[in-house]
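A short write-up of the structure that comes next.
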Amino acid sequence: MKKVLVLGSGAREVAITRSVSQSSIKNAIFCISKDINPQINDICEDYHVCDISDIGNVVSYSKEKEIDLVIVGPENPLASGVVNALERAGVKCVGPKKEVAMIETSKSFARMIVDLCCPEKNPQRKEFVSIGGVKNFMEILGGEYVIKFDGLMGGKGVRVSGEHLKNINEGLNYANEIVSGGGKFLVEEKLIGEEFSLMSFVDGKTCKHMPVVQDHKRAFDGDTGPNTGGMGTYSFGNHSLPFLTKEDILEAQKTNELVAKQLLKHTGSPYVGVLYGGFMLTKNGVKVIEYNARFGDPEAMNVLSILKSDFLSICISLIEGKLEKEEVLFDELATVCKYVVPVGYPNNPAKGFEVFCDQNDPSLFLASVMLKNQKLLACGSRTAAVIGKNKDIWKAEAFSEEGVSNISGKLFHRKDIGTKDLIDSRVKRMKELLG
Ligand SMILES: Nc1ncnc2c1ncn2[C@@H]1O[C@H](COP(=O)(O)OP(=O)(O)O)[C@@H](O)[C@H]1O
Ligand SMILES: [Mg+2]
C-alpha cells in the first residue's frame, strides 16, 4: 500500500490524483491545499487544508500520515524548499529540490545552465540589476527584445516588444519598474517562430519523454488579449505537432537530457520529477524559451489523459532512480484541452458566482472553485478544464467543445484552440518563416 500525498488543488492536480488512483498498485491518496477541490476530495482519503508553502505544516502532516511519496503540483512550494525539508524528514518527492528547481525559479540561472550544455539553444541576452546599458543593448538587438523579470511572477513577468511594449521607452519603463523594486532582469533577443512544450520524466539520470503539446497563453480567440496561465492546449496522435519534424523533437528531447545532466553536475543534486522544456522552432532551429520544474497546467491534462503506463509505478521509479527500466507509453490519440474562465479573466475576473457542471464527468477537471453551502463557486482564476480525445484531432476538438457546453456560469473560453483554422494558420506561418 502506497500512501501518496499531492500538493495543490488545480486541474493539474485533479489529473495527477486521478492517474494515481487508476494505478494497479494499491494506494491511498492524501491532498494538501488552501481550497478543497471537490473532485480531488472525492478520490482522496484525507484532505488537509493549509498553505502548501507552509513547509513545517506539510512535513508534520506527511510524518503523521506516514506518507511514502509526495507529488508536488505547482512551482511555489518547490521554490520555498518543500522538497528539501520533506527529504530531510525521510519523505521522498516527485519534484526537484530548491537548488535544482532554480531552472524555473530563476530565468538567468536557466539561461546559464543551457549555456553550459547547449549554448546554441539560447537567444542573445544580457542580465541587468540597474538601468545602465539597457537601452544600448535593446538597440543592439534592433529594438526587437524581451524583458524577463528574474524570478517567479505567475506568468506575468515577461514582456515582449511589439506586443506588450510598443517602443524602447515602454521597455525602459518596465525595466525601471523592476529596478526600483530591487529586482534583476534579463533582456533577450526576441525569437520568432512556433512554441511547443516537451515534458520529460527525470529520475536524476534517465529521461523518458512525453508527447509534445502546444499551449495558448493569450486570453482571446486569434491569440489576442492579455497573457494568462494558459487557455488551452492540444497534442496530436503521433505525439508530434504538424509544424515539427522528427529531428526537431529529437533536438528538444536531447536538450532536456542535457539540461537534466547539467543540473546534477552544477548543483550536485539530481533532478527528480517532471522537467518541462518550453521551446520555439525558429528559422535557426529549436531554441529554449524557458524551463519549468513541474507538469504544465494545462499540459498535464493532455499527457496524463493518454498515459498508457502506470503513473504511480513511474513515480516510484522516479524516486528510486529506476526510470530506465520503467515503461512510459502513451496512447496514439490526439487531445484538445480548453479552459473555461470567469468573464473578465485575467485582469478583472468575476468571482463568487455559481458554476453548474457534472463533477463526475471524467473529461472535466475543476480548478479555481470552492464548495460553499453545497454550491460550487468560482474563485476568479481559471475555473475548469475540459479534455477531448480521439484519433482524429478535429473530433477531439469537437468533444472538448461539447464538454464546455455542459458547463454554465459567468464563463468564457477560446473556441479556436485545436481547430483546423488555427492549426493550419500556424503551419502556414512556420512554412513562410522557414522559406
Ligand atoms: N526570447 C524570447 N523571444 C520571443 N518570445 C519570448 C522569449 N521569451 C519569452 N517569450 C514569450 O513570452 C512568453 C512567456 O515567457 P516565459 O519565458 O515562458 O515566462 P513565463 O512562462 O514564466 O511567463 C513565452 O511563452 C513566449 O511567448
Ligand atoms: Mg512560459
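Ordered as shown in the C-alpha cells, chains take letters A, B, and onward, while each chain numbers its residues from 1 and ligands are numbered from 1 in the order shown.
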
Write out as JSON lines a residue-level contact list of chain A versus ligand 2 with cut-off 7 Å: for each qualifying residue the closest pair of atoms and the distance in Å to one decimal, counting only C-alpha atoms and all ligand atoms, rows sorted by chain and residue number upward.
{"residue": "A:Gly155", "atom": "CA", "partner": "ligand 2", "partner_atom_place_in_ligand_line": "1 (Mg)", "distance": 6.5}
{"residue": "A:Gly278", "atom": "CA", "partner": "ligand 2", "partner_atom_place_in_ligand_line": "1 (Mg)", "distance": 6.6}
{"residue": "A:Glu290", "atom": "CA", "partner": "ligand 2", "partner_atom_place_in_ligand_line": "1 (Mg)", "distance": 6.2}

Ligand 1 neighbours within 9 Å using only C-alpha atoms and all ligand atoms, as a VMD selection string: chain A and resid 104 to 105 107 122 to 125 144 to 149 151 to 161 187 to 196 215 to 217 227 to 229 278 to 280 287 to 292

Residue neighbourhood Ser309 of chain A, 6 Å, only C-alpha atoms, exclusion window fewer than 2 positions, as number ranges by chain: A: 307, 328-329

Kindly indicate which residue among A:Arg414, A:His266, A:Lys246, A:Lys63 lies nearest to Arg88 of chain A, using only C-alpha atoms for the distances.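 Counting only C-alpha atoms, the residue closest to Arg88 of chain A is A:Lys63.
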
Show which residues sit within 7 Å of segment 19-25 of chain A, as a list of chain:residue names. Count only C-alpha atoms, and ignore same-chain residues fewer than 2 positions away.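 The residues that qualify are A:Ala15, A:Ile16, A:Thr17, A:Asn27, A:Leu304, A:Asp310, A:Phe311, A:Leu312.
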
Restricted to N, CA and C atoms, what would the selected residues look like written as a compact mmCIF listing (two decimals), in the first residue's frame?
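Result file follows (again27.txt):
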# COMPACT_ATOMS: atom_id res chain seq x y z
N ALA A 15 -5.81 15.89 -12.41
CA ALA A 15 -5.25 14.92 -13.36
C ALA A 15 -4.27 13.99 -12.65
N ILE A 16 -3.43 14.56 -11.79
CA ILE A 16 -2.43 13.75 -11.08
C ILE A 16 -3.11 12.75 -10.14
N THR A 17 -4.08 13.22 -9.36
CA THR A 17 -4.71 12.30 -8.39
C THR A 17 -5.50 11.21 -9.11
N ASN A 27 -3.12 1.95 -3.41
CA ASN A 27 -2.69 3.26 -2.91
C ASN A 27 -3.79 3.97 -2.14
N LEU A 304 -1.44 13.18 -19.35
CA LEU A 304 -1.90 12.14 -18.41
C LEU A 304 -3.17 11.47 -18.91
N ASP A 310 1.53 2.81 -16.10
CA ASP A 310 1.02 3.06 -14.74
C ASP A 310 1.72 4.28 -14.13
N PHE A 311 0.96 5.34 -13.87
CA PHE A 311 1.56 6.59 -13.40
C PHE A 311 2.25 6.44 -12.04
N LEU A 312 1.60 5.75 -11.12
CA LEU A 312 2.20 5.60 -9.79
C LEU A 312 3.49 4.79 -9.87

Can you tell me which residues surround segment 360-367 of chain A at a distance of at most 8 Å, considering only C-alpha atoms, apart from same-chain residues fewer than 3 positions away, and format the answer as a ChimeraX atom specification? /A:9-12,14-15,37-39,382-388,403

Could you save the residues just selected, with all heavy atoms, as a JSON list (two decimals), in the first residue's frame?
[["chain", "number", "residue", "atom", "x", "y", "z"],
["A", 9, "SER", "N", -4.28, 21.97, -5.74],
["A", 9, "SER", "CA", -5.68, 21.58, -5.94],
["A", 9, "SER", "C", -6.29, 22.13, -7.22],
["A", 9, "SER", "O", -7.48, 22.37, -7.30],
["A", 9, "SER", "CB", -6.52, 22.06, -4.76],
["A", 9, "SER", "OG", -6.48, 23.49, -4.74],
["A", 10, "GLY", "N", -5.45, 22.35, -8.24],
["A", 10, "GLY", "CA", -5.97, 22.82, -9.52],
["A", 10, "GLY", "C", -6.34, 21.66, -10.43],
["A", 10, "GLY", "O", -6.37, 20.50, -10.01],
["A", 11, "ALA", "N", -6.62, 21.98, -11.69],
["A", 11, "ALA", "CA", -6.97, 20.95, -12.66],
["A", 11, "ALA", "C", -5.80, 19.97, -12.86],
["A", 11, "ALA", "O", -6.01, 18.77, -13.00],
["A", 11, "ALA", "CB", -7.34, 21.61, -13.99],
["A", 12, "ARG", "N", -4.56, 20.52, -12.85],
["A", 12, "ARG", "CA", -3.39, 19.64, -12.98],
["A", 12, "ARG", "C", -3.36, 18.61, -11.86],
["A", 12, "ARG", "O", -3.08, 17.43, -12.09],
["A", 12, "ARG", "CB", -2.13, 20.53, -12.93],
["A", 12, "ARG", "CG", -0.83, 19.77, -12.68],
["A", 12, "ARG", "CD", 0.36, 20.72, -12.60],
["A", 12, "ARG", "NE", 0.11, 21.81, -11.67],
["A", 12, "ARG", "CZ", 0.69, 22.99, -11.74],
["A", 12, "ARG", "NH1", 1.57, 23.26, -12.68],
["A", 12, "ARG", "NH2", 0.41, 23.93, -10.85],
["A", 14, "VAL", "N", -5.95, 17.53, -10.18],
["A", 14, "VAL", "CA", -7.03, 16.55, -10.41],
["A", 14, "VAL", "C", -6.50, 15.47, -11.35],
["A", 14, "VAL", "O", -6.67, 14.26, -11.10],
["A", 14, "VAL", "CB", -8.28, 17.22, -11.03],
["A", 14, "VAL", "CG1", -9.31, 16.16, -11.42],
["A", 14, "VAL", "CG2", -8.89, 18.23, -10.06],
["A", 15, "ALA", "N", -5.81, 15.89, -12.41],
["A", 15, "ALA", "CA", -5.25, 14.92, -13.36],
["A", 15, "ALA", "C", -4.27, 13.99, -12.65],
["A", 15, "ALA", "O", -4.28, 12.76, -12.86],
["A", 15, "ALA", "CB", -4.57, 15.66, -14.52],
["A", 37, "ASN", "N", -10.72, 21.09, -3.51],
["A", 37, "ASN", "CA", -11.24, 20.79, -4.84],
["A", 37, "ASN", "C", -12.15, 19.57, -4.70],
["A", 37, "ASN", "O", -11.68, 18.49, -4.32],
["A", 37, "ASN", "CB", -10.08, 20.52, -5.80],
["A", 37, "ASN", "CG", -10.56, 20.26, -7.23],
["A", 37, "ASN", "OD1", -11.53, 19.54, -7.45],
["A", 37, "ASN", "ND2", -9.87, 20.85, -8.19],
["A", 38, "PRO", "N", -13.45, 19.70, -5.01],
["A", 38, "PRO", "CA", -14.37, 18.58, -4.74],
["A", 38, "PRO", "C", -14.03, 17.31, -5.51],
["A", 38, "PRO", "O", -14.27, 16.21, -5.00],
["A", 38, "PRO", "CB", -15.74, 19.13, -5.17],
["A", 38, "PRO", "CG", -15.50, 20.41, -5.87],
["A", 38, "PRO", "CD", -14.14, 20.90, -5.51],
["A", 39, "GLN", "N", -13.44, 17.45, -6.70],
["A", 39, "GLN", "CA", -13.09, 16.24, -7.45],
["A", 39, "GLN", "C", -11.93, 15.49, -6.79],
["A", 39, "GLN", "O", -11.91, 14.26, -6.79],
["A", 39, "GLN", "CB", -12.72, 16.58, -8.90],
["A", 39, "GLN", "CG", -13.94, 16.99, -9.73],
["A", 39, "GLN", "CD", -13.56, 17.32, -11.16],
["A", 39, "GLN", "OE1", -12.54, 17.94, -11.41],
["A", 39, "GLN", "NE2", -14.40, 16.90, -12.10],
["A", 382, "ARG", "N", -8.58, 30.44, -13.31],
["A", 382, "ARG", "CA", -9.17, 29.53, -14.31],
["A", 382, "ARG", "C", -10.12, 28.53, -13.61],
["A", 382, "ARG", "O", -9.73, 27.87, -12.66],
["A", 382, "ARG", "CB", -8.06, 28.80, -15.05],
["A", 382, "ARG", "CG", -7.22, 29.72, -15.93],
["A", 382, "ARG", "CD", -6.07, 29.00, -16.60],
["A", 382, "ARG", "NE", -5.09, 28.48, -15.64],
["A", 382, "ARG", "CZ", -4.06, 27.73, -15.96],
["A", 382, "ARG", "NH1", -3.85, 27.39, -17.23],
["A", 382, "ARG", "NH2", -3.23, 27.30, -15.05],
["A", 383, "THR", "N", -11.32, 28.41, -14.13],
["A", 383, "THR", "CA", -12.37, 27.68, -13.41],
["A", 383, "THR", "C", -12.30, 26.17, -13.60],
["A", 383, "THR", "O", -12.32, 25.41, -12.64],
["A", 383, "THR", "CB", -13.76, 28.19, -13.85],
["A", 383, "THR", "OG1", -13.78, 29.62, -13.70],
["A", 383, "THR", "CG2", -14.87, 27.58, -13.01],
["A", 384, "ALA", "N", -12.26, 25.74, -14.86],
["A", 384, "ALA", "CA", -12.24, 24.29, -15.11],
["A", 384, "ALA", "C", -11.67, 24.02, -16.49],
["A", 384, "ALA", "O", -11.81, 24.85, -17.40],
["A", 384, "ALA", "CB", -13.66, 23.72, -15.02],
["A", 385, "ALA", "N", -11.05, 22.86, -16.64],
["A", 385, "ALA", "CA", -10.53, 22.44, -17.94],
["A", 385, "ALA", "C", -11.35, 21.26, -18.44],
["A", 385, "ALA", "O", -11.85, 20.46, -17.64],
["A", 385, "ALA", "CB", -9.07, 22.04, -17.81],
["A", 386, "VAL", "N", -11.50, 21.19, -19.76],
["A", 386, "VAL", "CA", -12.22, 20.06, -20.36],
["A", 386, "VAL", "C", -11.31, 19.45, -21.40],
["A", 386, "VAL", "O", -10.69, 20.16, -22.19],
["A", 386, "VAL", "CB", -13.51, 20.54, -21.05],
["A", 386, "VAL", "CG1", -14.21, 19.37, -21.70],
["A", 386, "VAL", "CG2", -14.42, 21.23, -20.08],
["A", 387, "ILE", "N", -11.23, 18.13, -21.41],
["A", 387, "ILE", "CA", -10.38, 17.49, -22.41],
["A", 387, "ILE", "C", -11.22, 16.67, -23.38],
["A", 387, "ILE", "O", -12.19, 16.01, -22.99],
["A", 387, "ILE", "CB", -9.27, 16.65, -21.74],
["A", 387, "ILE", "CG1", -8.17, 16.35, -22.75],
["A", 387, "ILE", "CG2", -9.79, 15.34, -21.19],
["A", 387, "ILE", "CD1", -6.81, 16.68, -22.24],
["A", 388, "GLY", "N", -10.87, 16.78, -24.65],
["A", 388, "GLY", "CA", -11.45, 15.91, -25.67],
["A", 388, "GLY", "C", -10.32, 15.06, -26.21],
["A", 388, "GLY", "O", -9.21, 15.56, -26.41],
["A", 403, "GLY", "N", -17.95, 19.21, -24.17],
["A", 403, "GLY", "CA", -17.75, 19.25, -22.72],
["A", 403, "GLY", "C", -17.95, 20.65, -22.16],
["A", 403, "GLY", "O", -18.60, 20.83, -21.13]]

Could you check the closest approach to Phe109 of chain A for each of A:Phe295, A:Phe236, A:Tyr339, A:Phe185 and tell me which residue wins, using only C-alpha atoms? A:Phe185

Using DSSP on the backbone coordinates, identify all residues within segment 5-248 of chain A classified as helix (DSSP H, G or I); present the result as a count of residues only. 83

Give the answer as one residue: which of A:Leu69, A:Val274, A:Met1, A:Ile140 has the shortest atom-to-atom distance to Cys31 of chain A, using only C-alpha atoms?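 Selected residue with least distance to Cys31 of chain A: A:Leu69.
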
Give me the residues near Val427 of chain A as JSON, numbers by chain, where near means some atom within 10 Å (using only C-alpha atoms) and where sequence neighbours in that chain fewer than 4 positions away do not count. {"A": [194, 241, 242, 243, 244, 422, 423, 431, 432, 433]}

A:Tyr234, A:Phe137, A:Tyr174, A:Tyr271: which is nearest Asp203 of chain A, counting only C-alpha atoms?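 Of A:Tyr234, A:Phe137, A:Tyr174, A:Tyr271, the one nearest Asp203 of chain A, counting only C-alpha atoms, is A:Tyr271.
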
What is the distance, in Å and to one decimal place, between atom CA of His413 of chain A and atom CA of Asn390 of chain A?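 It comes out at 20.6 Å.
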
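Comparing A:Ser60, A:Thr233, A:Thr255, A:Asn169 by their smallest distance to Pro119 of chain A, the closest is A:Thr255 (using only C-alpha atoms).
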
Excluding Asp416 of chain A and residues on its chain fewer than 3 positions from it, collect all residues at most 12 Å away from it, counting only C-alpha atoms, and give them as an mmCIF file with N, CA and C atoms, in the first residue's frame.
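In the end it all went to around11.cif:
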data_model
loop_
_atom_site.group_PDB
_atom_site.id
_atom_site.type_symbol
_atom_site.label_atom_id
_atom_site.label_comp_id
_atom_site.auth_asym_id
_atom_site.auth_seq_id
_atom_site.Cartn_x
_atom_site.Cartn_y
_atom_site.Cartn_z
ATOM 1 N N HIS A 216 -1.709 27.851 -25.357
ATOM 2 C CA HIS A 216 -2.199 29.154 -25.846
ATOM 3 C C HIS A 216 -2.311 30.081 -24.663
ATOM 4 N N ARG A 218 -2.609 33.554 -24.685
ATOM 5 C CA ARG A 218 -3.449 34.753 -24.797
ATOM 6 C C ARG A 218 -4.895 34.447 -24.436
ATOM 7 N N ALA A 219 -5.588 35.439 -23.885
ATOM 8 C CA ALA A 219 -6.935 35.221 -23.349
ATOM 9 C C ALA A 219 -7.997 34.977 -24.419
ATOM 10 N N PHE A 220 -7.848 35.621 -25.579
ATOM 11 C CA PHE A 220 -8.967 35.608 -26.531
ATOM 12 C C PHE A 220 -8.623 34.908 -27.850
ATOM 13 N N ASP A 221 -9.670 34.578 -28.590
ATOM 14 C CA ASP A 221 -9.513 33.936 -29.900
ATOM 15 C C ASP A 221 -8.552 34.733 -30.783
ATOM 16 N N GLY A 222 -7.831 34.013 -31.628
ATOM 17 C CA GLY A 222 -6.903 34.668 -32.544
ATOM 18 C C GLY A 222 -5.652 35.162 -31.837
ATOM 19 N N ASP A 223 -5.336 34.573 -30.675
ATOM 20 C CA ASP A 223 -4.146 34.970 -29.903
ATOM 21 C C ASP A 223 -4.125 36.455 -29.621
ATOM 22 N N THR A 224 -5.237 36.987 -29.173
ATOM 23 C CA THR A 224 -5.293 38.394 -28.785
ATOM 24 C C THR A 224 -5.564 38.482 -27.275
ATOM 25 N N MET A 231 -4.815 29.104 -21.755
ATOM 26 C CA MET A 231 -6.251 28.955 -22.041
ATOM 27 C C MET A 231 -6.587 27.594 -22.624
ATOM 28 N N GLY A 232 -5.565 26.863 -23.052
ATOM 29 C CA GLY A 232 -5.844 25.551 -23.617
ATOM 30 C C GLY A 232 -4.646 25.035 -24.382
ATOM 31 N N THR A 233 -4.706 23.755 -24.703
ATOM 32 C CA THR A 233 -3.568 23.056 -25.295
ATOM 33 C C THR A 233 -4.076 21.969 -26.236
ATOM 34 N N TYR A 234 -3.207 21.566 -27.176
ATOM 35 C CA TYR A 234 -3.554 20.402 -27.985
ATOM 36 C C TYR A 234 -2.315 19.562 -28.237
ATOM 37 N N VAL A 336 -7.367 17.666 -27.032
ATOM 38 C CA VAL A 336 -7.582 19.120 -27.024
ATOM 39 C C VAL A 336 -8.136 19.475 -25.646
ATOM 40 N N CYS A 337 -7.439 20.376 -24.965
ATOM 41 C CA CYS A 337 -7.859 20.790 -23.630
ATOM 42 C C CYS A 337 -8.235 22.267 -23.670
ATOM 43 N N LYS A 338 -9.418 22.596 -23.161
ATOM 44 C CA LYS A 338 -9.837 24.002 -23.138
ATOM 45 C C LYS A 338 -10.209 24.390 -21.711
ATOM 46 N N TYR A 339 -9.748 25.547 -21.307
ATOM 47 C CA TYR A 339 -10.128 26.092 -20.010
ATOM 48 C C TYR A 339 -11.342 26.998 -20.152
ATOM 49 N N TRP A 394 -9.654 16.760 -34.929
ATOM 50 C CA TRP A 394 -10.834 17.629 -35.112
ATOM 51 C C TRP A 394 -12.005 17.087 -34.298
ATOM 52 N N GLU A 397 -11.328 18.014 -30.764
ATOM 53 C CA GLU A 397 -11.707 19.425 -30.550
ATOM 54 C C GLU A 397 -13.217 19.517 -30.335
ATOM 55 N N ALA A 398 -13.967 18.796 -31.181
ATOM 56 C CA ALA A 398 -15.438 18.832 -31.053
ATOM 57 C C ALA A 398 -15.878 18.291 -29.683
ATOM 58 N N SER A 400 -14.156 18.434 -26.919
ATOM 59 C CA SER A 400 -13.850 19.411 -25.863
ATOM 60 C C SER A 400 -14.908 20.513 -25.872
ATOM 61 N N GLU A 401 -15.368 20.915 -27.062
ATOM 62 C CA GLU A 401 -16.435 21.937 -27.143
ATOM 63 C C GLU A 401 -17.738 21.412 -26.525
ATOM 64 N N HIS A 413 -14.527 30.864 -22.918
ATOM 65 C CA HIS A 413 -13.380 30.027 -23.291
ATOM 66 C C HIS A 413 -12.956 30.377 -24.709
ATOM 67 N N THR A 419 -8.642 23.991 -33.405
ATOM 68 C CA THR A 419 -9.424 23.966 -34.655
ATOM 69 C C THR A 419 -8.500 23.920 -35.866
ATOM 70 N N LYS A 420 -9.057 23.461 -36.981
ATOM 71 C CA LYS A 420 -8.272 23.332 -38.209
ATOM 72 C C LYS A 420 -7.764 24.696 -38.659
ATOM 73 N N ASP A 421 -8.616 25.712 -38.561
ATOM 74 C CA ASP A 421 -8.214 27.055 -38.997
ATOM 75 C C ASP A 421 -6.969 27.532 -38.264
ATOM 76 N N LEU A 422 -6.985 27.407 -36.944
ATOM 77 C CA LEU A 422 -5.864 27.933 -36.155
ATOM 78 C C LEU A 422 -4.599 27.106 -36.416
ATOM 79 N N ILE A 423 -4.743 25.795 -36.441
ATOM 80 C CA ILE A 423 -3.547 24.960 -36.613
ATOM 81 C C ILE A 423 -2.976 25.148 -38.025
ATOM 82 N N ASP A 424 -3.865 25.219 -39.040
ATOM 83 C CA ASP A 424 -3.390 25.463 -40.412
ATOM 84 C C ASP A 424 -2.640 26.787 -40.515
ATOM 85 N N SER A 425 -3.166 27.802 -39.814
ATOM 86 C CA SER A 425 -2.506 29.110 -39.913
ATOM 87 C C SER A 425 -1.111 29.067 -39.288
#

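Atom pair atom CA of Leu186 of chain A / atom CA of Ser106 of chain A: separated by 10.4 Å.
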
Quick one: of A:Glu299, A:Glu64, A:Asp248, A:Glu324, who's nearest to Tyr276 of chain A, counting only C-alpha atoms?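 The shortest atom-to-atom distance to Tyr276 of chain A comes from A:Glu299.
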